[in-house]
Amino acid sequence: MNNLVSYIVIFYLVILHTSCKESSKTTSQESLWSSPYHVDKQYPYHLVNNEGKHLFIFNKTAWAYFLCKNPEDVLARAKRDGANVIRVALEGSPYKAVLKMDMWPWGGTREEPQWDKFNDNYWNQVEDRVKMALNNEIGINLTIYFTYKPDKNDAPAQLAYWKEIIRRLGKYPNILCWEIMNEYVKNEDFQDIAGEWFHENDPYHSPVITSAGTTDDAVFPDKPWMDMAVVHTCTGSIPQYDLKWWYLAIARNAMSYGKPAFNNETGREIRHKNDDGVHRRKQSWLWSASGAFFTFHTLDGCEAIDSIGYKAPGYDFMKPYVDFFSSIPFHTLYANYTVCTVKTDSLVSTGLASPERDMSIAYICSRNTGEIIAGEKAWLRLPDGKYTVTFIDPATLADLGRTEYESGGLRENREILIPDFKDDILIKIDLNTQMEKTLIEGTK
């Protein structure tokens, strides 16, 4: 009898243990970071993980996260602002006069380095903070070199560092990408060696990138090891940097290389004069409504990283922006310039659509903050079918009204009235009923 009871108890313990394991596995798979992301071969402008999930990247700078005093608050601020990635330096002494920190992964010191030895206490803290970020559903854009600028001749000595990075950090699914350098391209030969090494030796195939300073186009976009088209716009919300001819134009440039387009450093407040929060909202929407990914570069990601509760201009507009793009099948939409257009030169607009036009979006904004737009029209060119057109406030995602629209085919370019709006508006067009296709004259 006692044996029977023992067998029953063991049986139920096995069942309970299996159940708990399955529950844990399910929870893990539901996580945004259940496995590493890589470039999707089917949708090459996007990243996908092993479970087939696509990531809408919204990045926030957090250079000294690995050594800062309040890492929990850094993550809390990132989540509050809608970020699912933070950009962190593994090596470097950012804002040294203020922060008085030196993130040194090797043995020895910056003055007398020991390249074949490693600072285990620092690496242990790095791992702890990568895991802390993972537990908070935050990924890491890992910048490998920030202050130190190796050249081609230094590559052999750096091989041990690269191996240590893969050994200690490659296993974490929330490592978004390996960024070789921050805003430095004078050592192109070295970066070719390092970039190719990470591309070939990372068993998890996380994207490899690098970055230059502010430019109007992506850095090294044709290099095979560059998995994303990366650009920086460390510029302001001032007339010199026009929303159409600067921000939108650069987004479109970056989108022209058949890779995910990633602006992983934008203008911050004060230093770059990007102090208008509404203008910053417009920058982010223009970038992503063109198909690209964006970054919220802020004072509290730099020298004010330990400023608890800091709020950058425009912080309250970022989460609705991320929520919208995360809620739609963003990876199935492509840049489109005909579905929904406006003809008023003072407005800036861009849009995306699926190839079948079952979903399309258009973002429209004024150049000047606070401007009220009344009586404006949009022009639609859609395949035959019945559609619902929804007008949305980008600041809050409030529904501003809907209208039903029936298209007689692509030969039609008909106008609809846009509700009056202040600063910007989003138009979302969903196909309800597909109808038999009619041909444009000349194609019959």
# chains A, B, ... in the order shown; residues from 1 in each chain; ligands from 1
$ residues_around --residues "A:Pro224" --least-positions-apart "3" --cutoff "10 Å" --atoms "only C-alpha atoms" --output "list in words"
Asp192, Gly195, Glu196, His199, Val208, Phe220, Pro221, Asp227 and Met228 of chain A
$ residues_around --residues "A:Leu75" --least-positions-apart "5" --cutoff "12 Å" --atoms "only C-alpha atoms" --output "count of residues only"
35
$ atom_distance --atom1 "atom CA of A:Glu436" --atom2 "atom CA of A:Thr341"
24.2 Å
$ closest_residue --among "A:Pro71, A:Gly170, A:Pro150, A:Pro44" --to "A:Thr332" --atoms "only C-alpha atoms"
A:Pro44
$ atom_distance --atom1 "atom CA of A:Tyr122" --atom2 "atom CA of A:Ala304"
21.4 Å
$ atom_distance --atom1 "atom CA of A:Glu188" --atom2 "atom CA of A:Ser93"
22.2 Å
$ closest_residue --among "A:Asn274, A:Thr298, A:Gln434, A:Thr338" --to "A:Asp384" --atoms "only C-alpha atoms"
A:Gln434
$ closest_residue --among "A:Thr214, A:Ser290, A:Thr295, A:Ser284" --to "A:Ala249" --atoms "only C-alpha atoms"
A:Ser290
$ residues_around --residues "stretch 38-43 of chain A" --least-positions-apart "5" --cutoff "10 Å" --atoms "only C-alpha atoms" --output "compact mmCIF listing (two decimals) with N, CA and C atoms, in the first residue's frame"
# COMPACT_ATOMS: atom_id res chain seq x y z
N VAL A 48 13.08 39.13 -37.89
CA VAL A 48 12.17 38.08 -37.44
C VAL A 48 12.94 37.17 -36.49
N ASN A 49 12.23 36.53 -35.54
CA ASN A 49 12.91 35.59 -34.65
C ASN A 49 12.53 34.16 -35.00
N ASN A 50 12.97 33.22 -34.20
CA ASN A 50 12.75 31.80 -34.51
C ASN A 50 11.28 31.41 -34.45
N GLY A 52 8.92 33.30 -35.59
CA GLY A 52 8.23 33.98 -36.68
C GLY A 52 7.67 35.34 -36.30
N HIS A 54 7.85 39.33 -35.78
CA HIS A 54 8.58 40.48 -36.33
C HIS A 54 8.63 41.58 -35.29
N LEU A 55 9.75 42.28 -35.27
CA LEU A 55 9.98 43.30 -34.26
C LEU A 55 9.85 44.69 -34.85
N LEU A 176 19.91 42.78 -29.64
CA LEU A 176 19.34 43.11 -30.95
C LEU A 176 20.39 43.03 -32.05
N CYS A 177 21.56 43.66 -31.80
CA CYS A 177 22.56 43.75 -32.86
C CYS A 177 23.93 44.04 -32.27
N TYR A 204 24.08 32.88 -33.51
CA TYR A 204 22.68 33.31 -33.39
C TYR A 204 22.26 34.27 -34.51
N HIS A 205 23.23 34.69 -35.32
CA HIS A 205 22.97 35.51 -36.52
C HIS A 205 22.30 36.84 -36.20
N SER A 206 22.63 37.43 -35.05
CA SER A 206 22.12 38.78 -34.76
C SER A 206 22.70 39.75 -35.78
N PRO A 207 21.96 40.79 -36.17
CA PRO A 207 22.45 41.72 -37.18
C PRO A 207 23.75 42.41 -36.76
N VAL A 208 24.59 42.68 -37.73
CA VAL A 208 25.85 43.40 -37.52
C VAL A 208 25.71 44.76 -38.21
N ASP A 227 24.13 44.47 -42.00
CA ASP A 227 22.81 43.85 -42.12
C ASP A 227 21.67 44.86 -42.14
N MET A 228 21.95 46.09 -41.75
CA MET A 228 20.92 47.13 -41.75
C MET A 228 21.49 48.40 -42.37
N GLY A 258 17.28 47.79 -49.69
CA GLY A 258 16.78 46.42 -49.54
C GLY A 258 17.12 45.80 -48.21
N LYS A 259 17.39 46.62 -47.19
CA LYS A 259 17.72 46.17 -45.85
C LYS A 259 16.84 46.91 -44.85
N PRO A 260 16.73 46.42 -43.61
CA PRO A 260 16.05 47.22 -42.59
C PRO A 260 16.75 48.57 -42.45
N HIS A 331 5.44 44.56 -41.12
CA HIS A 331 6.42 43.93 -42.01
C HIS A 331 5.84 43.60 -43.38
N THR A 332 4.52 43.66 -43.52
CA THR A 332 3.89 43.34 -44.82
C THR A 332 3.61 44.60 -45.64
N LEU A 333 3.94 45.77 -45.09
CA LEU A 333 3.66 47.03 -45.77
C LEU A 333 4.93 47.60 -46.41
N TYR A 334 4.75 48.24 -47.55
CA TYR A 334 5.87 48.79 -48.31
C TYR A 334 5.60 50.27 -48.62
$ select_by_dssp --residues "stretch 27-252 of chain A" --states "helix (DSSP H, G or I)" --output "ChimeraX atom specification"
/A:27-30,71-80,96-99,120-135,152-169,188-201,243-252
$ residues_around --residues "A:Asp216" --least-positions-apart "2" --cutoff "8 Å" --atoms "only C-alpha atoms" --output "VMD selection string"
chain A and resid 214 218 231 233 246 250 253
$ decode --residues "stretch 124-158 of chain A" --atoms "N, CA and C atoms" --output "JSON list (two decimals), in the first residue's frame"
[["chain", "number", "residue", "atom", "x", "y", "z"],
["A", 124, "ASN", "N", 30.55, 40.47, -15.36],
["A", 124, "ASN", "CA", 29.45, 39.89, -14.58],
["A", 124, "ASN", "C", 28.31, 40.89, -14.42],
["A", 125, "GLN", "N", 28.67, 42.16, -14.21],
["A", 125, "GLN", "CA", 27.64, 43.19, -14.09],
["A", 125, "GLN", "C", 26.94, 43.41, -15.43],
["A", 126, "VAL", "N", 27.71, 43.36, -16.50],
["A", 126, "VAL", "CA", 27.11, 43.49, -17.84],
["A", 126, "VAL", "C", 26.07, 42.40, -18.04],
["A", 127, "GLU", "N", 26.44, 41.17, -17.75],
["A", 127, "GLU", "CA", 25.49, 40.07, -17.93],
["A", 127, "GLU", "C", 24.26, 40.26, -17.05],
["A", 128, "ASP", "N", 24.46, 40.67, -15.81],
["A", 128, "ASP", "CA", 23.32, 40.89, -14.92],
["A", 128, "ASP", "C", 22.36, 41.93, -15.50],
["A", 129, "ARG", "N", 22.93, 42.96, -16.12],
["A", 129, "ARG", "CA", 22.08, 44.03, -16.63],
["A", 129, "ARG", "C", 21.44, 43.68, -17.97],
["A", 130, "VAL", "N", 22.10, 42.83, -18.74],
["A", 130, "VAL", "CA", 21.45, 42.31, -19.94],
["A", 130, "VAL", "C", 20.24, 41.47, -19.53],
["A", 131, "LYS", "N", 20.42, 40.64, -18.50],
["A", 131, "LYS", "CA", 19.31, 39.82, -18.00],
["A", 131, "LYS", "C", 18.21, 40.68, -17.40],
["A", 132, "MET", "N", 18.59, 41.76, -16.71],
["A", 132, "MET", "CA", 17.60, 42.68, -16.16],
["A", 132, "MET", "C", 16.77, 43.31, -17.27],
["A", 133, "ALA", "N", 17.44, 43.69, -18.35],
["A", 133, "ALA", "CA", 16.72, 44.25, -19.50],
["A", 133, "ALA", "C", 15.79, 43.21, -20.11],
["A", 134, "LEU", "N", 16.27, 41.98, -20.24],
["A", 134, "LEU", "CA", 15.44, 40.91, -20.78],
["A", 134, "LEU", "C", 14.18, 40.71, -19.94],
["A", 135, "ASN", "N", 14.33, 40.74, -18.64],
["A", 135, "ASN", "CA", 13.18, 40.57, -17.75],
["A", 135, "ASN", "C", 12.19, 41.72, -17.88],
["A", 136, "ASN", "N", 12.65, 42.83, -18.41],
["A", 136, "ASN", "CA", 11.79, 43.99, -18.63],
["A", 136, "ASN", "C", 11.38, 44.15, -20.10],
["A", 137, "GLU", "N", 11.61, 43.10, -20.89],
["A", 137, "GLU", "CA", 11.23, 43.10, -22.31],
["A", 137, "GLU", "C", 11.94, 44.19, -23.11],
["A", 138, "ILE", "N", 13.20, 44.43, -22.78],
["A", 138, "ILE", "CA", 14.01, 45.44, -23.45],
["A", 138, "ILE", "C", 15.21, 44.76, -24.11],
["A", 139, "GLY", "N", 15.42, 45.07, -25.39],
["A", 139, "GLY", "CA", 16.57, 44.57, -26.11],
["A", 139, "GLY", "C", 17.76, 45.50, -26.00],
["A", 140, "ILE", "N", 18.92, 45.03, -26.46],
["A", 140, "ILE", "CA", 20.17, 45.79, -26.37],
["A", 140, "ILE", "C", 20.77, 45.97, -27.76],
["A", 141, "ASN", "N", 20.90, 47.22, -28.19],
["A", 141, "ASN", "CA", 21.72, 47.58, -29.34],
["A", 141, "ASN", "C", 23.13, 47.76, -28.78],
["A", 142, "LEU", "N", 23.98, 46.74, -28.91],
["A", 142, "LEU", "CA", 25.27, 46.73, -28.23],
["A", 142, "LEU", "C", 26.34, 47.38, -29.10],
["A", 143, "THR", "N", 26.89, 48.48, -28.60],
["A", 143, "THR", "CA", 27.97, 49.17, -29.30],
["A", 143, "THR", "C", 29.30, 48.67, -28.74],
["A", 144, "ILE", "N", 30.10, 48.05, -29.58],
["A", 144, "ILE", "CA", 31.29, 47.33, -29.14],
["A", 144, "ILE", "C", 32.45, 48.27, -28.83],
["A", 145, "TYR", "N", 32.62, 49.31, -29.64],
["A", 145, "TYR", "CA", 33.68, 50.30, -29.41],
["A", 145, "TYR", "C", 33.05, 51.68, -29.39],
["A", 146, "PHE", "N", 33.29, 52.40, -28.31],
["A", 146, "PHE", "CA", 32.75, 53.77, -28.18],
["A", 146, "PHE", "C", 33.89, 54.78, -28.11],
["A", 147, "THR", "N", 34.80, 54.61, -27.17],
["A", 147, "THR", "CA", 35.92, 55.54, -27.00],
["A", 147, "THR", "C", 37.18, 55.05, -27.71],
["A", 148, "TYR", "N", 37.48, 53.78, -27.55],
["A", 148, "TYR", "CA", 38.66, 53.20, -28.20],
["A", 148, "TYR", "C", 38.40, 53.03, -29.69],
["A", 149, "LYS", "N", 39.39, 53.45, -30.51],
["A", 149, "LYS", "CA", 39.22, 53.41, -31.96],
["A", 149, "LYS", "C", 40.36, 52.59, -32.58],
["A", 150, "PRO", "N", 40.20, 51.28, -32.62],
["A", 150, "PRO", "CA", 41.25, 50.42, -33.17],
["A", 150, "PRO", "C", 41.39, 50.58, -34.67],
["A", 151, "ASP", "N", 42.55, 50.25, -35.18],
["A", 151, "ASP", "CA", 42.75, 50.24, -36.63],
["A", 151, "ASP", "C", 43.04, 48.82, -37.10],
["A", 152, "LYS", "N", 43.32, 48.67, -38.38],
["A", 152, "LYS", "CA", 43.49, 47.35, -38.98],
["A", 152, "LYS", "C", 44.55, 46.52, -38.27],
["A", 153, "ASN", "N", 45.63, 47.17, -37.86],
["A", 153, "ASN", "CA", 46.72, 46.45, -37.21],
["A", 153, "ASN", "C", 46.35, 45.94, -35.83],
["A", 154, "ASP", "N", 45.29, 46.48, -35.24],
["A", 154, "ASP", "CA", 44.85, 46.05, -33.90],
["A", 154, "ASP", "C", 43.92, 44.84, -33.95],
["A", 155, "ALA", "N", 43.48, 44.45, -35.14],
["A", 155, "ALA", "CA", 42.48, 43.38, -35.25],
["A", 155, "ALA", "C", 42.91, 42.07, -34.60],
["A", 156, "PRO", "N", 44.15, 41.59, -34.81],
["A", 156, "PRO", "CA", 44.53, 40.33, -34.17],
["A", 156, "PRO", "C", 44.41, 40.37, -32.65],
["A", 157, "ALA", "N", 44.79, 41.49, -32.04],
["A", 157, "ALA", "CA", 44.72, 41.61, -30.58],
["A", 157, "ALA", "C", 43.28, 41.69, -30.09],
["A", 158, "GLN", "N", 42.36, 42.11, -30.96],
["A", 158, "GLN", "CA", 40.96, 42.26, -30.56],
["A", 158, "GLN", "C", 40.15, 40.98, -30.72]]
